[in-house]
Amino acid sequence: MKKYTEILDDLEQKINVGQFISGQKLPSVRNAAKQYGCSVSTIIRAYAELEKRHAIYSIAQSGYYVVEKPVYQPTATASSTIDFAAASPDPGVFPYLDFQHCLNKALDTYKYDLFTCGDSKGMEPLRHTLVSHLANDQVFTKADRIILTAGANQALEILAKMPFPNGNSVILVEQPSYDLYLRFLESERIPVCGIARTAAGIDMQELEEKFKHGGIKFFYTMPRYHCPIGTSYSADERKAIARLASKYDVYVVEDDYMADLGEEPGLDPIYAYNGTSHVVYVKSFSKIIFPGLRLGAAVLPEKLLETFSEYKRYADTSQLSQAALEVYIKNGMYERHKRKIRSQYAARIQALNEAIRRHDDGGLLEISNVRYGVYVQFKIPRTVNLERLIKRLASKDIQVVSGKRFYLSDYWDGEKFLRISISRTQPEQIDEGVREIIEAVQREVRSPSS
């Protein structure tokens, strides 16, 4: 073992066991070098690595100090409530210390730019950093075609309101689909129609007919880890959607908000298959960092750039948040945290699937086949009173969401399901929660009126 590694491990161990307590100053570089019998450069390297791990921090002209450890205090209901309803990330996996470091670094690096109005397209260094970041997902673009928005929702709302070069006005949405966007489209009286999507996919012949004869401005789709179903389109389906968009001059708005939560090979975005620029790629950072960051990005075809910019008009996202995100991505923290949260969520999905196999031996529920992401669809028999089932589960401190809300008001055909989310479900609660859901459904099937 190298001397450097021995020193690093020893220092980290002393911090972890409290030999160096929160806020305590560490030995100076020279004194530490004497204690360990090594060069000053070796100590500097060890301290730099500890600083990178947020175990210590440095103060210029003063020295190195032990970071104060935050104490996460769960809410009063965290131990009893089984939450299969929440869509936002688990606060327990938020990268508080990493992002605090990035905020401080951003203040040092961009201090003269952070408190101006900024560019309506977004901070230029971040847009250039996103060029490389998006290329990892096979989204190849230039910085001037990336526009930063106040979350992905802002981009989706602008696209719904602005005119498109094809002159069409109807927005085609999958059914079921993202409930907040459906409610926005209906409240704004924007022409919208639906096409059925199931765990098995979408009817490509019906999609082609709608593209051909429906006056479709754009098709809004979540190809990966769909909300609320949880499944992803196959590579062949993505290629077909890209081909149809070009053939019929229909745009595709690809909401890839959970792309970072999977690692299935060969599942490139629709954007990667469209050579004639009919795809708008929308990305959110909320599932990896924090929802409160309110940052999203839209990659736009050349023909849409000017109009989108006119509708956005002014800078409305925090310069400090953008600068911190640029540092967070550039120094590798984003990728590191992505791997961590992806692994945690994948383990919860696996635990969910195992619990279903254990408790639903009769095949009462029809479950979407999901390995990544956060959502799984539990289809239940149509004879079950869905509202009563949800109330019954709530009385047992189990929170679930009805699938009915993910349809347009005039589209729902009576199909009944629960959208199950594992983003805030504690791993040790999953088995009990699944068992209770299955038992409640069984009771509804046996005694539908009781």
# chains A, B, ... in the order shown; residues from 1 in each chain; ligands from 1
$ select_by_dssp --residues "region 314-414 of chain A" --states "strand (DSSP E)" --output "short mmCIF file (atom, residue, chain, number, x, y, z; two decimals) with N, CA and C atoms, in the first residue's frame"
data_model
loop_
_atom_site.label_atom_id
_atom_site.label_comp_id
_atom_site.auth_asym_id
_atom_site.auth_seq_id
_atom_site.Cartn_x
_atom_site.Cartn_y
_atom_site.Cartn_z
N GLU A 366 -51.66 -6.87 -12.51
CA GLU A 366 -50.87 -6.86 -13.73
C GLU A 366 -49.81 -5.76 -13.56
N ILE A 367 -48.54 -6.16 -13.51
CA ILE A 367 -47.46 -5.25 -13.15
C ILE A 367 -46.60 -4.96 -14.36
N TYR A 375 -40.98 4.56 -11.25
CA TYR A 375 -42.42 4.27 -11.33
C TYR A 375 -42.70 2.84 -11.80
N VAL A 376 -43.74 2.26 -11.22
CA VAL A 376 -44.25 0.95 -11.64
C VAL A 376 -45.77 1.04 -11.64
N GLN A 377 -46.39 0.48 -12.68
CA GLN A 377 -47.85 0.48 -12.78
C GLN A 377 -48.42 -0.81 -12.20
N PHE A 378 -49.35 -0.68 -11.24
CA PHE A 378 -50.09 -1.82 -10.69
C PHE A 378 -51.50 -1.79 -11.26
N LYS A 379 -51.78 -2.57 -12.30
CA LYS A 379 -53.13 -2.63 -12.85
C LYS A 379 -53.97 -3.57 -11.99
N ILE A 398 -50.52 3.84 4.17
CA ILE A 398 -49.89 3.53 2.88
C ILE A 398 -50.43 4.51 1.85
N GLN A 399 -49.55 5.31 1.28
CA GLN A 399 -49.95 6.33 0.32
C GLN A 399 -49.68 5.85 -1.10
N VAL A 401 -51.22 6.50 -5.49
CA VAL A 401 -51.84 7.46 -6.40
C VAL A 401 -52.69 6.73 -7.43
N SER A 402 -53.90 7.22 -7.65
CA SER A 402 -54.80 6.65 -8.65
C SER A 402 -54.30 6.96 -10.05
#
$ residues_around --residues "Ile21 (chain A)" --least-positions-apart "6" --cutoff "12 Å" --atoms "only C-alpha atoms" --output "ChimeraX atom specification"
/A:11-15,55-56,65-69
$ write_last_selection --atoms "C-alpha atoms" --output "PDB file, in the first residue's frame"
ATOM      1  CA  LEU A  11      -6.801  10.664   8.598  1.00  0.00           C
ATOM      2  CA  GLU A  12     -10.254   9.608   7.404  1.00  0.00           C
ATOM      3  CA  GLN A  13     -10.501   7.023  10.185  1.00  0.00           C
ATOM      4  CA  LYS A  14      -9.571   9.593  12.827  1.00  0.00           C
ATOM      5  CA  ILE A  15     -12.265  11.936  11.517  1.00  0.00           C
ATOM      6  CA  ALA A  55     -14.464  15.589   5.131  1.00  0.00           C
ATOM      7  CA  ILE A  56     -12.420  18.783   5.592  1.00  0.00           C
ATOM      8  CA  TYR A  65     -10.625  22.140   9.356  1.00  0.00           C
ATOM      9  CA  VAL A  66     -12.994  19.194   9.866  1.00  0.00           C
ATOM     10  CA  VAL A  67     -16.404  19.683   8.204  1.00  0.00           C
ATOM     11  CA  GLU A  68     -19.380  19.815  10.545  1.00  0.00           C
ATOM     12  CA  LYS A  69     -21.553  16.793   9.890  1.00  0.00           C
TER      13      LYS A  69
END
$ residues_around --residues "Phe115 (chain A)" --least-positions-apart "5" --cutoff "12 Å" --atoms "only C-alpha atoms" --output "number ranges by chain"
A: 106-107, 110, 123, 315, 317-323
$ write_last_selection --atoms "N, CA and C atoms" --output "mmCIF file, in the first residue's frame"
data_model
loop_
_atom_site.group_PDB
_atom_site.id
_atom_site.type_symbol
_atom_site.label_atom_id
_atom_site.label_comp_id
_atom_site.auth_asym_id
_atom_site.auth_seq_id
_atom_site.Cartn_x
_atom_site.Cartn_y
_atom_site.Cartn_z
ATOM 1 N N ALA A 106 -18.607 28.345 -7.266
ATOM 2 C CA ALA A 106 -19.245 29.211 -8.271
ATOM 3 C C ALA A 106 -19.121 30.678 -7.885
ATOM 4 N N LEU A 107 -19.289 30.956 -6.598
ATOM 5 C CA LEU A 107 -19.151 32.337 -6.128
ATOM 6 C C LEU A 107 -17.738 32.860 -6.356
ATOM 7 N N TYR A 110 -17.293 32.875 -10.602
ATOM 8 C CA TYR A 110 -18.139 33.737 -11.443
ATOM 9 C C TYR A 110 -18.696 34.946 -10.674
ATOM 10 N N MET A 123 -26.688 30.722 -18.903
ATOM 11 C CA MET A 123 -25.277 31.031 -18.727
ATOM 12 C C MET A 123 -24.427 30.298 -19.761
ATOM 13 N N ALA A 315 -34.122 36.345 -19.056
ATOM 14 C CA ALA A 315 -33.495 35.368 -18.160
ATOM 15 C C ALA A 315 -34.343 35.231 -16.899
ATOM 16 N N THR A 317 -33.891 32.236 -14.693
ATOM 17 C CA THR A 317 -33.341 31.192 -13.828
ATOM 18 C C THR A 317 -32.140 31.765 -13.093
ATOM 19 N N SER A 318 -31.941 31.346 -11.856
ATOM 20 C CA SER A 318 -30.884 31.880 -11.011
ATOM 21 C C SER A 318 -29.505 31.677 -11.628
ATOM 22 N N GLN A 319 -28.761 32.781 -11.742
ATOM 23 C CA GLN A 319 -27.391 32.693 -12.243
ATOM 24 C C GLN A 319 -26.521 31.853 -11.311
ATOM 25 N N LEU A 320 -26.763 31.972 -10.008
ATOM 26 C CA LEU A 320 -25.971 31.207 -9.045
ATOM 27 C C LEU A 320 -26.244 29.708 -9.187
ATOM 28 N N SER A 321 -27.522 29.338 -9.351
ATOM 29 C CA SER A 321 -27.857 27.919 -9.545
ATOM 30 C C SER A 321 -27.209 27.373 -10.811
ATOM 31 N N GLN A 322 -27.240 28.166 -11.889
ATOM 32 C CA GLN A 322 -26.629 27.731 -13.136
ATOM 33 C C GLN A 322 -25.120 27.551 -12.979
ATOM 34 N N ALA A 323 -24.487 28.519 -12.315
ATOM 35 C CA ALA A 323 -23.038 28.438 -12.134
ATOM 36 C C ALA A 323 -22.664 27.241 -11.264
#
$ select_by_dssp --residues "region 13-260 of chain A" --states "helix (DSSP H, G or I)" --output "PyMOL selection string"
chain A and resi 13-16+29-36+40-52+91-93+96-109+124-135+143-145+152-161+179-187+204-213+235-248+259-260
$ write_last_selection --atoms "C-alpha atoms" --output "short mmCIF file (atom, residue, chain, number, x, y, z; two decimals), in the first residue's frame"
data_model
loop_
_atom_site.label_atom_id
_atom_site.label_comp_id
_atom_site.auth_asym_id
_atom_site.auth_seq_id
_atom_site.Cartn_x
_atom_site.Cartn_y
_atom_site.Cartn_z
CA GLN A 13 -10.50 7.02 10.18
CA LYS A 14 -9.57 9.59 12.83
CA ILE A 15 -12.26 11.94 11.52
CA ASN A 16 -14.89 9.18 11.39
CA VAL A 29 0.98 20.52 6.35
CA ARG A 30 4.56 20.68 7.68
CA ASN A 31 3.67 19.23 11.10
CA ALA A 32 1.64 16.42 9.50
CA ALA A 33 4.57 15.62 7.19
CA LYS A 34 6.84 15.26 10.23
CA GLN A 35 4.29 13.08 12.07
CA TYR A 36 3.88 10.70 9.14
CA VAL A 40 4.89 17.89 2.29
CA SER A 41 3.50 17.16 -1.19
CA THR A 42 2.09 13.82 0.05
CA ILE A 43 0.19 15.57 2.88
CA ILE A 44 -1.08 18.24 0.49
CA ARG A 45 -2.39 15.48 -1.80
CA ALA A 46 -4.09 13.67 1.11
CA TYR A 47 -5.70 16.88 2.39
CA ALA A 48 -6.88 17.73 -1.14
CA GLU A 49 -8.55 14.33 -1.44
CA LEU A 50 -10.25 14.73 1.97
CA GLU A 51 -11.46 18.16 0.87
CA LYS A 52 -12.85 16.60 -2.31
CA PRO A 91 -34.27 14.10 0.62
CA GLY A 92 -32.00 11.50 2.17
CA VAL A 93 -30.07 11.20 -1.11
CA TYR A 96 -26.08 18.71 0.16
CA LEU A 97 -22.35 18.88 0.86
CA ASP A 98 -21.31 18.43 -2.76
CA PHE A 99 -23.62 21.18 -3.93
CA GLN A 100 -22.60 23.48 -1.09
CA HIS A 101 -19.01 23.10 -2.29
CA CYS A 102 -20.13 23.91 -5.85
CA LEU A 103 -22.02 27.02 -4.71
CA ASN A 104 -18.91 28.29 -2.95
CA LYS A 105 -16.75 27.48 -5.95
CA ALA A 106 -19.24 29.21 -8.27
CA LEU A 107 -19.15 32.34 -6.13
CA ASP A 108 -15.37 32.40 -6.36
CA THR A 109 -15.25 31.66 -10.10
CA GLU A 124 -22.84 30.43 -21.57
CA PRO A 125 -20.28 28.34 -19.60
CA LEU A 126 -23.07 25.98 -18.49
CA ARG A 127 -24.44 25.65 -22.03
CA HIS A 128 -20.95 24.71 -23.27
CA THR A 129 -20.54 22.20 -20.43
CA LEU A 130 -23.93 20.69 -21.32
CA VAL A 131 -22.72 20.01 -24.87
CA SER A 132 -20.35 17.35 -23.50
CA HIS A 133 -22.77 16.23 -20.80
CA LEU A 134 -25.60 15.59 -23.28
CA ALA A 135 -23.27 13.86 -25.74
CA ALA A 143 -24.22 25.39 -27.25
CA ASP A 144 -26.32 27.91 -29.20
CA ARG A 145 -29.12 25.34 -29.61
CA ALA A 152 -38.50 21.29 -17.65
CA ASN A 153 -42.11 22.42 -17.19
CA GLN A 154 -41.33 25.93 -18.42
CA ALA A 155 -39.91 24.53 -21.66
CA LEU A 156 -43.00 22.33 -22.14
CA GLU A 157 -45.37 25.26 -21.56
CA ILE A 158 -43.54 27.52 -24.01
CA LEU A 159 -43.59 24.81 -26.68
CA ALA A 160 -47.33 24.32 -26.18
CA LYS A 161 -48.09 28.02 -26.66
CA ASP A 179 -50.73 14.75 -15.22
CA LEU A 180 -49.51 18.31 -14.58
CA TYR A 181 -48.87 18.88 -18.27
CA LEU A 182 -52.28 17.48 -19.23
CA ARG A 183 -53.99 19.84 -16.77
CA PHE A 184 -51.97 22.78 -18.16
CA LEU A 185 -52.99 21.99 -21.75
CA GLU A 186 -56.65 21.71 -20.78
CA SER A 187 -56.68 24.85 -18.63
CA MET A 204 -47.46 2.49 -34.60
CA GLN A 205 -50.18 2.25 -37.25
CA GLU A 206 -52.47 4.45 -35.18
CA LEU A 207 -49.59 6.85 -34.53
CA GLU A 208 -48.91 7.12 -38.26
CA GLU A 209 -52.59 7.82 -38.97
CA LYS A 210 -52.64 10.61 -36.41
CA PHE A 211 -49.40 12.08 -37.78
CA LYS A 212 -50.83 11.91 -41.30
CA HIS A 213 -54.37 13.21 -40.74
CA ALA A 235 -35.04 0.98 -29.88
CA ASP A 236 -37.22 -0.03 -32.85
CA GLU A 237 -40.13 2.06 -31.54
CA ARG A 238 -37.88 5.09 -31.08
CA LYS A 239 -36.50 4.75 -34.58
CA ALA A 240 -40.02 4.43 -35.97
CA ILE A 241 -41.22 7.56 -34.15
CA ALA A 242 -38.23 9.50 -35.47
CA ARG A 243 -38.93 8.28 -39.03
CA LEU A 244 -42.64 9.17 -38.88
CA ALA A 245 -41.85 12.65 -37.55
CA SER A 246 -39.66 13.36 -40.57
CA LYS A 247 -42.06 11.77 -43.02
CA TYR A 248 -45.13 13.77 -41.94
CA ALA A 259 -32.75 9.42 -18.48
CA ASP A 260 -30.08 9.53 -15.75
#
$ closest_residue --among "A:Tyr411, A:Glu335, A:Asp316, A:Ala86" --to "Glu174 (chain A)" --atoms "only C-alpha atoms"
A:Tyr411
$ closest_residue --among "A:His337, A:Arg53, A:Lys312, A:Arg435" --to "Asp119 (chain A)" --atoms "only C-alpha atoms"
A:Lys312
$ closest_residue --among "A:Leu293, A:Ile288, A:Ile190, A:Leu300" --to "Val374 (chain A)" --atoms "only C-alpha atoms"
A:Ile288
$ residues_around --residues "Glu387 (chain A)" --least-positions-apart "5" --cutoff "12 Å" --atoms "only C-alpha atoms" --output "number ranges by chain"
A: 392-394, 400-405, 416-418, 441, 444
$ write_last_selection --atoms "N, CA and C atoms" --output "mmCIF file, in the first residue's frame"
data_model
loop_
_atom_site.group_PDB
_atom_site.id
_atom_site.type_symbol
_atom_site.label_atom_id
_atom_site.label_comp_id
_atom_site.auth_asym_id
_atom_site.auth_seq_id
_atom_site.Cartn_x
_atom_site.Cartn_y
_atom_site.Cartn_z
ATOM 1 N N ARG A 392 -58.727 2.854 1.917
ATOM 2 C CA ARG A 392 -58.436 1.724 2.797
ATOM 3 C C ARG A 392 -56.934 1.640 3.063
ATOM 4 N N LEU A 393 -56.149 1.859 2.021
ATOM 5 C CA LEU A 393 -54.694 1.830 2.183
ATOM 6 C C LEU A 393 -54.219 3.015 3.024
ATOM 7 N N ALA A 394 -54.835 4.175 2.815
ATOM 8 C CA ALA A 394 -54.452 5.360 3.584
ATOM 9 C C ALA A 394 -54.698 5.147 5.076
ATOM 10 N N VAL A 400 -50.745 5.901 -1.939
ATOM 11 C CA VAL A 400 -50.646 5.513 -3.346
ATOM 12 C C VAL A 400 -51.400 6.549 -4.180
ATOM 13 N N VAL A 401 -51.217 6.501 -5.494
ATOM 14 C CA VAL A 401 -51.843 7.462 -6.397
ATOM 15 C C VAL A 401 -52.695 6.727 -7.427
ATOM 16 N N SER A 402 -53.904 7.218 -7.646
ATOM 17 C CA SER A 402 -54.799 6.649 -8.648
ATOM 18 C C SER A 402 -54.296 6.959 -10.052
ATOM 19 N N GLY A 403 -54.412 5.991 -10.950
ATOM 20 C CA GLY A 403 -54.002 6.200 -12.338
ATOM 21 C C GLY A 403 -54.938 7.092 -13.123
ATOM 22 N N LYS A 404 -56.130 7.346 -12.601
ATOM 23 C CA LYS A 404 -57.134 8.111 -13.352
ATOM 24 C C LYS A 404 -56.673 9.534 -13.648
ATOM 25 N N ARG A 405 -55.872 10.117 -12.768
ATOM 26 C CA ARG A 405 -55.450 11.508 -12.923
ATOM 27 C C ARG A 405 -54.478 11.716 -14.083
ATOM 28 N N LYS A 416 -58.168 0.697 -14.544
ATOM 29 C CA LYS A 416 -57.827 1.068 -13.175
ATOM 30 C C LYS A 416 -56.415 0.595 -12.823
ATOM 31 N N PHE A 417 -55.636 1.520 -12.291
ATOM 32 C CA PHE A 417 -54.298 1.152 -11.822
ATOM 33 C C PHE A 417 -53.812 2.135 -10.771
ATOM 34 N N LEU A 418 -52.809 1.700 -10.034
ATOM 35 C CA LEU A 418 -52.103 2.550 -9.090
ATOM 36 C C LEU A 418 -50.741 2.878 -9.681
ATOM 37 N N VAL A 441 -56.494 -5.341 -2.247
ATOM 38 C CA VAL A 441 -57.139 -5.632 -3.532
ATOM 39 C C VAL A 441 -57.913 -6.939 -3.445
ATOM 40 N N GLU A 444 -61.142 -6.327 -1.745
ATOM 41 C CA GLU A 444 -62.081 -5.639 -2.616
ATOM 42 C C GLU A 444 -62.706 -6.591 -3.639
#
$ decode --residues "region 367-380 of chain A" --atoms "N, CA and C atoms" --output "PDB file, in the first residue's frame"
ATOM      1  N   ILE A 367     -48.542  -6.165 -13.507  1.00  0.00           N
ATOM      2  CA  ILE A 367     -47.464  -5.248 -13.146  1.00  0.00           C
ATOM      3  C   ILE A 367     -46.602  -4.958 -14.363  1.00  0.00           C
ATOM      4  N   SER A 368     -46.280  -3.665 -14.586  1.00  0.00           N
ATOM      5  CA  SER A 368     -45.380  -3.324 -15.690  1.00  0.00           C
ATOM      6  C   SER A 368     -43.971  -3.817 -15.363  1.00  0.00           C
ATOM      7  N   ASN A 369     -43.272  -4.272 -16.390  1.00  0.00           N
ATOM      8  CA  ASN A 369     -41.937  -4.844 -16.217  1.00  0.00           C
ATOM      9  C   ASN A 369     -40.897  -3.722 -16.212  1.00  0.00           C
ATOM     10  N   VAL A 370     -40.454  -3.341 -15.022  1.00  0.00           N
ATOM     11  CA  VAL A 370     -39.563  -2.196 -14.862  1.00  0.00           C
ATOM     12  C   VAL A 370     -38.350  -2.606 -14.033  1.00  0.00           C
ATOM     13  N   ARG A 371     -37.165  -2.159 -14.483  1.00  0.00           N
ATOM     14  CA  ARG A 371     -35.940  -2.424 -13.719  1.00  0.00           C
ATOM     15  C   ARG A 371     -35.239  -1.144 -13.266  1.00  0.00           C
ATOM     16  N   TYR A 372     -35.537  -0.034 -13.934  1.00  0.00           N
ATOM     17  CA  TYR A 372     -34.906   1.243 -13.588  1.00  0.00           C
ATOM     18  C   TYR A 372     -35.971   2.334 -13.526  1.00  0.00           C
ATOM     19  N   GLY A 373     -35.549   3.527 -13.078  1.00  0.00           N
ATOM     20  CA  GLY A 373     -36.496   4.615 -12.907  1.00  0.00           C
ATOM     21  C   GLY A 373     -37.090   4.584 -11.515  1.00  0.00           C
ATOM     22  N   VAL A 374     -38.290   5.152 -11.351  1.00  0.00           N
ATOM     23  CA  VAL A 374     -38.927   5.171 -10.027  1.00  0.00           C
ATOM     24  C   VAL A 374     -40.389   4.717 -10.058  1.00  0.00           C
ATOM     25  N   TYR A 375     -40.978   4.561 -11.253  1.00  0.00           N
ATOM     26  CA  TYR A 375     -42.416   4.272 -11.331  1.00  0.00           C
ATOM     27  C   TYR A 375     -42.695   2.843 -11.802  1.00  0.00           C
ATOM     28  N   VAL A 376     -43.739   2.255 -11.219  1.00  0.00           N
ATOM     29  CA  VAL A 376     -44.246   0.948 -11.643  1.00  0.00           C
ATOM     30  C   VAL A 376     -45.769   1.038 -11.639  1.00  0.00           C
ATOM     31  N   GLN A 377     -46.391   0.483 -12.678  1.00  0.00           N
ATOM     32  CA  GLN A 377     -47.853   0.482 -12.784  1.00  0.00           C
ATOM     33  C   GLN A 377     -48.421  -0.805 -12.204  1.00  0.00           C
ATOM     34  N   PHE A 378     -49.354  -0.684 -11.242  1.00  0.00           N
ATOM     35  CA  PHE A 378     -50.089  -1.819 -10.688  1.00  0.00           C
ATOM     36  C   PHE A 378     -51.502  -1.787 -11.263  1.00  0.00           C
ATOM     37  N   LYS A 379     -51.776  -2.573 -12.302  1.00  0.00           N
ATOM     38  CA  LYS A 379     -53.134  -2.633 -12.850  1.00  0.00           C
ATOM     39  C   LYS A 379     -53.974  -3.572 -11.987  1.00  0.00           C
ATOM     40  N   ILE A 380     -55.177  -3.112 -11.660  1.00  0.00           N
ATOM     41  CA  ILE A 380     -56.051  -3.886 -10.789  1.00  0.00           C
ATOM     42  C   ILE A 380     -57.349  -4.213 -11.533  1.00  0.00           C
TER      43      ILE A 380
END
